[in-house]
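Undergrad: Sharing a structure below in structure tokens format, with a few things to ask.
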Amino acid sequence: MMQQLRRISLSRLQRNVTLSLWSRCGSTSTDVPPEELDAFERDYFQQRIQITTFQRLLLGAGSSIASLLNPHRHDMIACLGETTGENALLNILDTMQASEEGRRILVEKPRINTKTIDLKSLEALPSDTFGFAYAKFLKDNNVTPDTRMEVRFLEDPKLAYIMTRYRECHDLVHAVLDMPTNMLCEVTVKWVEALNNGLPMCYGAAVFGAVRLRPRQRREYLKRYLPWAIENSKQMKPLMPIYWEKRWEQKTNDLRAELGIKPFQ
């Protein structure tokens with residue numbers, strides 16, 4: 001009976017949030033002349049969905065509940081990140097603007113997908129390089145960089161790009177931390193990201209993801225994984241200003257040492 005009620009509640013929530021609100025929010029364009037926009041900004045203003053403050057609050061609450069009821073609803077998790085993360089994104093923007101590497105990312109706005117990255121060439125790199133480690137991570141875990149949700153609900157295109165960059169760099173963080181994609185490691189990576197970039201969505205995923213761990217996983221999480229994530233985060237450099245695509249040929253251990261990452265043991 002409880003299971004049936006849970007399915008009904010989830011179904012209604014999905015319908016209300018993803019169909020009603022989503023479809024009622026109209027796309028909007030910018031008043032900035034098109035010639036003053038870069039390629040990312042032009043594409044973003046074509047797909048952006050403008051929402052009111054009330055709709056933002058409602059989407060944030062609805063996506064939060066939906067994410068808890070069904071952690072596989074990646075659209076709701078993405079929506080939650082956009083409707084609750086503006087202050088954190090502003091802080092990330094400041095951090096990126098404070099470094100030469102971060103400023104270069106903001107100007108060039110690189111994208112990470114199979115159209116922009118030659119995975120075959122990364123697989124051909126020496127086995128001790130970061131590019132090889134990333135390609136191996138994708139292959140070993142049967143994942144692709146092409147599955148990230150597009151950003152829709154942020155007003156500022158700079159912040160929209162930073163959120164896009166965060167999503168597309170998630171697998172790169174997995175690779176540099178040497179963490180596969182099982183639930184225990186996903187929760188651990190979320191803690192690292194939360195403590196490193198401050199996004200509320202990352203904190204939520206870390207806390208509520210841990211609740212879903214099985215008893216044996218939870219013991220390992222509390223004994224080894226969580227302490228490792230916290231300890232690393234105390235000394236780790238900000239990850240968002242890292243131009244990962246320029247680090248393919250760098251030795252993975254050297255990159256970890258530069259970033260202050262202590263390998264998990």
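Letters for chains follow the order of the structure tokens (A, B, ...), residue numbers begin at 1 for each chain, and ligand numbers begin at 1 in the order shown.
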Find the residues near Ala160 of chain A: any atom within 10 Å, counting only C-alpha atoms, skip ones fewer than 4 places away on the same chain, and give them as a PyMOL selection string.
TA: chain A and resi 40-41+44+48+82+86+89+150-156+164-166
Undergrad: Can you write just those residues out, N, CA, C and O atoms, as a PDB file, in the first residue's frame?
TA:
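The resulting file, result_25.pdb, is shown below:
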ATOM      1  N   PHE A  40      28.577  30.350 -27.045  1.00  0.00           N
ATOM      2  CA  PHE A  40      27.834  29.743 -25.934  1.00  0.00           C
ATOM      3  C   PHE A  40      26.646  30.609 -25.561  1.00  0.00           C
ATOM      4  O   PHE A  40      25.535  30.099 -25.354  1.00  0.00           O
ATOM      5  N   GLU A  41      26.850  31.918 -25.446  1.00  0.00           N
ATOM      6  CA  GLU A  41      25.774  32.819 -25.034  1.00  0.00           C
ATOM      7  C   GLU A  41      24.636  32.830 -26.053  1.00  0.00           C
ATOM      8  O   GLU A  41      23.462  32.856 -25.673  1.00  0.00           O
ATOM      9  N   TYR A  44      22.780  29.690 -25.565  1.00  0.00           N
ATOM     10  CA  TYR A  44      22.080  29.661 -24.277  1.00  0.00           C
ATOM     11  C   TYR A  44      20.811  30.504 -24.321  1.00  0.00           C
ATOM     12  O   TYR A  44      19.757  30.081 -23.827  1.00  0.00           O
ATOM     13  N   ARG A  48      17.248  29.175 -23.058  1.00  0.00           N
ATOM     14  CA  ARG A  48      16.956  29.569 -21.681  1.00  0.00           C
ATOM     15  C   ARG A  48      15.459  29.667 -21.456  1.00  0.00           C
ATOM     16  O   ARG A  48      14.694  30.084 -22.340  1.00  0.00           O
ATOM     17  N   GLU A  82      20.172  24.457 -10.463  1.00  0.00           N
ATOM     18  CA  GLU A  82      20.036  25.781 -11.074  1.00  0.00           C
ATOM     19  C   GLU A  82      19.184  26.729 -10.241  1.00  0.00           C
ATOM     20  O   GLU A  82      19.406  27.939 -10.243  1.00  0.00           O
ATOM     21  N   GLU A  86      22.689  29.931  -7.244  1.00  0.00           N
ATOM     22  CA  GLU A  86      23.200  31.180  -7.820  1.00  0.00           C
ATOM     23  C   GLU A  86      24.311  31.803  -6.979  1.00  0.00           C
ATOM     24  O   GLU A  86      25.330  32.252  -7.520  1.00  0.00           O
ATOM     25  N   LEU A  89      27.468  29.886  -7.393  1.00  0.00           N
ATOM     26  CA  LEU A  89      28.015  30.111  -8.726  1.00  0.00           C
ATOM     27  C   LEU A  89      28.727  31.457  -8.812  1.00  0.00           C
ATOM     28  O   LEU A  89      29.764  31.581  -9.479  1.00  0.00           O
ATOM     29  N   GLU A 150      21.373  20.100 -20.260  1.00  0.00           N
ATOM     30  CA  GLU A 150      21.625  21.494 -20.609  1.00  0.00           C
ATOM     31  C   GLU A 150      21.082  22.404 -19.512  1.00  0.00           C
ATOM     32  O   GLU A 150      20.059  22.124 -18.889  1.00  0.00           O
ATOM     33  N   VAL A 151      21.753  23.512 -19.283  1.00  0.00           N
ATOM     34  CA  VAL A 151      21.297  24.500 -18.305  1.00  0.00           C
ATOM     35  C   VAL A 151      20.154  25.295 -18.924  1.00  0.00           C
ATOM     36  O   VAL A 151      20.206  25.671 -20.102  1.00  0.00           O
ATOM     37  N   ARG A 152      19.117  25.580 -18.127  1.00  0.00           N
ATOM     38  CA  ARG A 152      17.922  26.245 -18.666  1.00  0.00           C
ATOM     39  C   ARG A 152      17.449  27.456 -17.849  1.00  0.00           C
ATOM     40  O   ARG A 152      16.878  28.380 -18.400  1.00  0.00           O
ATOM     41  N   PHE A 153      17.661  27.453 -16.531  1.00  0.00           N
ATOM     42  CA  PHE A 153      16.919  28.378 -15.678  1.00  0.00           C
ATOM     43  C   PHE A 153      17.734  29.522 -15.081  1.00  0.00           C
ATOM     44  O   PHE A 153      17.219  30.252 -14.236  1.00  0.00           O
ATOM     45  N   LEU A 154      18.975  29.707 -15.471  1.00  0.00           N
ATOM     46  CA  LEU A 154      19.792  30.787 -14.922  1.00  0.00           C
ATOM     47  C   LEU A 154      19.700  32.025 -15.820  1.00  0.00           C
ATOM     48  O   LEU A 154      19.734  31.915 -17.045  1.00  0.00           O
ATOM     49  N   GLU A 155      19.602  33.189 -15.203  1.00  0.00           N
ATOM     50  CA  GLU A 155      19.478  34.424 -15.964  1.00  0.00           C
ATOM     51  C   GLU A 155      20.808  34.848 -16.580  1.00  0.00           C
ATOM     52  O   GLU A 155      20.869  35.270 -17.728  1.00  0.00           O
ATOM     53  N   ASP A 156      21.867  34.771 -15.815  1.00  0.00           N
ATOM     54  CA  ASP A 156      23.176  35.254 -16.244  1.00  0.00           C
ATOM     55  C   ASP A 156      23.880  34.180 -17.071  1.00  0.00           C
ATOM     56  O   ASP A 156      24.136  33.080 -16.573  1.00  0.00           O
ATOM     57  N   THR A 164      27.281  24.723 -16.506  1.00  0.00           N
ATOM     58  CA  THR A 164      27.560  23.774 -17.588  1.00  0.00           C
ATOM     59  C   THR A 164      28.941  23.157 -17.408  1.00  0.00           C
ATOM     60  O   THR A 164      29.113  21.938 -17.542  1.00  0.00           O
ATOM     61  N   ARG A 165      29.908  24.004 -17.105  1.00  0.00           N
ATOM     62  CA  ARG A 165      31.283  23.532 -16.902  1.00  0.00           C
ATOM     63  C   ARG A 165      31.349  22.560 -15.722  1.00  0.00           C
ATOM     64  O   ARG A 165      32.011  21.523 -15.801  1.00  0.00           O
ATOM     65  N   TYR A 166      30.650  22.884 -14.639  1.00  0.00           N
ATOM     66  CA  TYR A 166      30.634  21.975 -13.482  1.00  0.00           C
ATOM     67  C   TYR A 166      30.113  20.597 -13.882  1.00  0.00           C
ATOM     68  O   TYR A 166      30.716  19.569 -13.551  1.00  0.00           O
TER      69      TYR A 166
END
Undergrad: Do you know which residues are at most 12 Å from Ala210 of chain A counting only C-alpha atoms, after dropping those on the same chain fewer than 6 positions away, and could you put them as a PyMOL selection string?
TA: chain A and resi 68+71+183-191+203-204+216-222+225-226
Undergrad: Can you write out the residues you just picked, keeping N, CA and C atoms, as a PDB file, in the first residue's frame?
TA:
ATOM      1  N   LEU A  68      14.632  13.461  -3.988  1.00  0.00           N
ATOM      2  CA  LEU A  68      14.680  12.566  -2.831  1.00  0.00           C
ATOM      3  C   LEU A  68      13.897  11.278  -3.089  1.00  0.00           C
ATOM      4  N   PRO A  71      16.220   9.298  -6.934  1.00  0.00           N
ATOM      5  CA  PRO A  71      17.547   9.845  -7.232  1.00  0.00           C
ATOM      6  C   PRO A  71      17.964   9.689  -8.692  1.00  0.00           C
ATOM      7  N   MET A 183      27.687   3.781  -5.971  1.00  0.00           N
ATOM      8  CA  MET A 183      26.995   4.715  -5.087  1.00  0.00           C
ATOM      9  C   MET A 183      27.910   5.270  -3.995  1.00  0.00           C
ATOM     10  N   LEU A 184      28.740   4.435  -3.411  1.00  0.00           N
ATOM     11  CA  LEU A 184      29.633   4.863  -2.338  1.00  0.00           C
ATOM     12  C   LEU A 184      30.602   5.935  -2.838  1.00  0.00           C
ATOM     13  N   CYS A 185      31.173   5.705  -4.014  1.00  0.00           N
ATOM     14  CA  CYS A 185      32.132   6.670  -4.562  1.00  0.00           C
ATOM     15  C   CYS A 185      31.436   7.927  -5.072  1.00  0.00           C
ATOM     16  N   GLU A 186      30.221   7.785  -5.593  1.00  0.00           N
ATOM     17  CA  GLU A 186      29.480   8.970  -6.032  1.00  0.00           C
ATOM     18  C   GLU A 186      29.220   9.908  -4.850  1.00  0.00           C
ATOM     19  N   VAL A 187      28.827   9.334  -3.730  1.00  0.00           N
ATOM     20  CA  VAL A 187      28.585  10.146  -2.538  1.00  0.00           C
ATOM     21  C   VAL A 187      29.876  10.831  -2.093  1.00  0.00           C
ATOM     22  N   THR A 188      30.975  10.101  -2.151  1.00  0.00           N
ATOM     23  CA  THR A 188      32.270  10.655  -1.751  1.00  0.00           C
ATOM     24  C   THR A 188      32.675  11.812  -2.657  1.00  0.00           C
ATOM     25  N   VAL A 189      32.504  11.636  -3.967  1.00  0.00           N
ATOM     26  CA  VAL A 189      32.841  12.702  -4.915  1.00  0.00           C
ATOM     27  C   VAL A 189      31.953  13.919  -4.684  1.00  0.00           C
ATOM     28  N   LYS A 190      30.680  13.694  -4.365  1.00  0.00           N
ATOM     29  CA  LYS A 190      29.782  14.814  -4.093  1.00  0.00           C
ATOM     30  C   LYS A 190      30.234  15.611  -2.877  1.00  0.00           C
ATOM     31  N   TRP A 191      30.760  14.915  -1.852  1.00  0.00           N
ATOM     32  CA  TRP A 191      31.288  15.627  -0.697  1.00  0.00           C
ATOM     33  C   TRP A 191      32.486  16.485  -1.083  1.00  0.00           C
ATOM     34  N   TYR A 203      25.837  19.369  -1.696  1.00  0.00           N
ATOM     35  CA  TYR A 203      25.628  19.009  -0.293  1.00  0.00           C
ATOM     36  C   TYR A 203      24.409  18.098  -0.149  1.00  0.00           C
ATOM     37  N   GLY A 204      23.330  18.449  -0.828  1.00  0.00           N
ATOM     38  CA  GLY A 204      22.125  17.629  -0.747  1.00  0.00           C
ATOM     39  C   GLY A 204      22.361  16.224  -1.247  1.00  0.00           C
ATOM     40  N   ARG A 216      26.745  -2.196   5.032  1.00  0.00           N
ATOM     41  CA  ARG A 216      28.184  -2.420   4.878  1.00  0.00           C
ATOM     42  C   ARG A 216      28.853  -1.221   4.213  1.00  0.00           C
ATOM     43  N   GLN A 217      28.197  -0.666   3.191  1.00  0.00           N
ATOM     44  CA  GLN A 217      28.732   0.528   2.537  1.00  0.00           C
ATOM     45  C   GLN A 217      28.790   1.696   3.512  1.00  0.00           C
ATOM     46  N   ARG A 218      27.766   1.827   4.366  1.00  0.00           N
ATOM     47  CA  ARG A 218      27.717   2.940   5.299  1.00  0.00           C
ATOM     48  C   ARG A 218      28.863   2.864   6.294  1.00  0.00           C
ATOM     49  N   ARG A 219      29.200   1.669   6.728  1.00  0.00           N
ATOM     50  CA  ARG A 219      30.330   1.520   7.647  1.00  0.00           C
ATOM     51  C   ARG A 219      31.634   1.958   6.985  1.00  0.00           C
ATOM     52  N   GLU A 220      31.828   1.533   5.727  1.00  0.00           N
ATOM     53  CA  GLU A 220      33.026   1.937   4.990  1.00  0.00           C
ATOM     54  C   GLU A 220      33.027   3.450   4.747  1.00  0.00           C
ATOM     55  N   TYR A 221      31.864   3.971   4.465  1.00  0.00           N
ATOM     56  CA  TYR A 221      31.710   5.409   4.215  1.00  0.00           C
ATOM     57  C   TYR A 221      32.139   6.219   5.433  1.00  0.00           C
ATOM     58  N   LEU A 222      31.628   5.845   6.598  1.00  0.00           N
ATOM     59  CA  LEU A 222      31.931   6.595   7.824  1.00  0.00           C
ATOM     60  C   LEU A 222      33.374   6.377   8.291  1.00  0.00           C
ATOM     61  N   TYR A 225      35.767   6.644   3.687  1.00  0.00           N
ATOM     62  CA  TYR A 225      35.513   7.531   2.558  1.00  0.00           C
ATOM     63  C   TYR A 225      35.212   8.968   2.980  1.00  0.00           C
ATOM     64  N   LEU A 226      34.313   9.154   3.937  1.00  0.00           N
ATOM     65  CA  LEU A 226      33.977  10.506   4.370  1.00  0.00           C
ATOM     66  C   LEU A 226      35.171  11.222   4.999  1.00  0.00           C
TER      67      LEU A 226
END
Undergrad: Atom CA of Arg247 of chain A and atom CA of Asp128 of chain A, how far apart in Å?
TA: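 Computed distance, atom CA of Asp128 of chain A to atom CA of Arg247 of chain A, equals 12.2 Å.
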Undergrad: Determine, counting only C-alpha atoms, which protein, DNA and RNA residues have an atom within 10 Å of an atom of Thr95 of chain A; residues of the same chain fewer than 3 positions away are not included. Present the result as a ChimeraX atom specification.
TA: /A:89-92,98-99,102-103,197,238-241
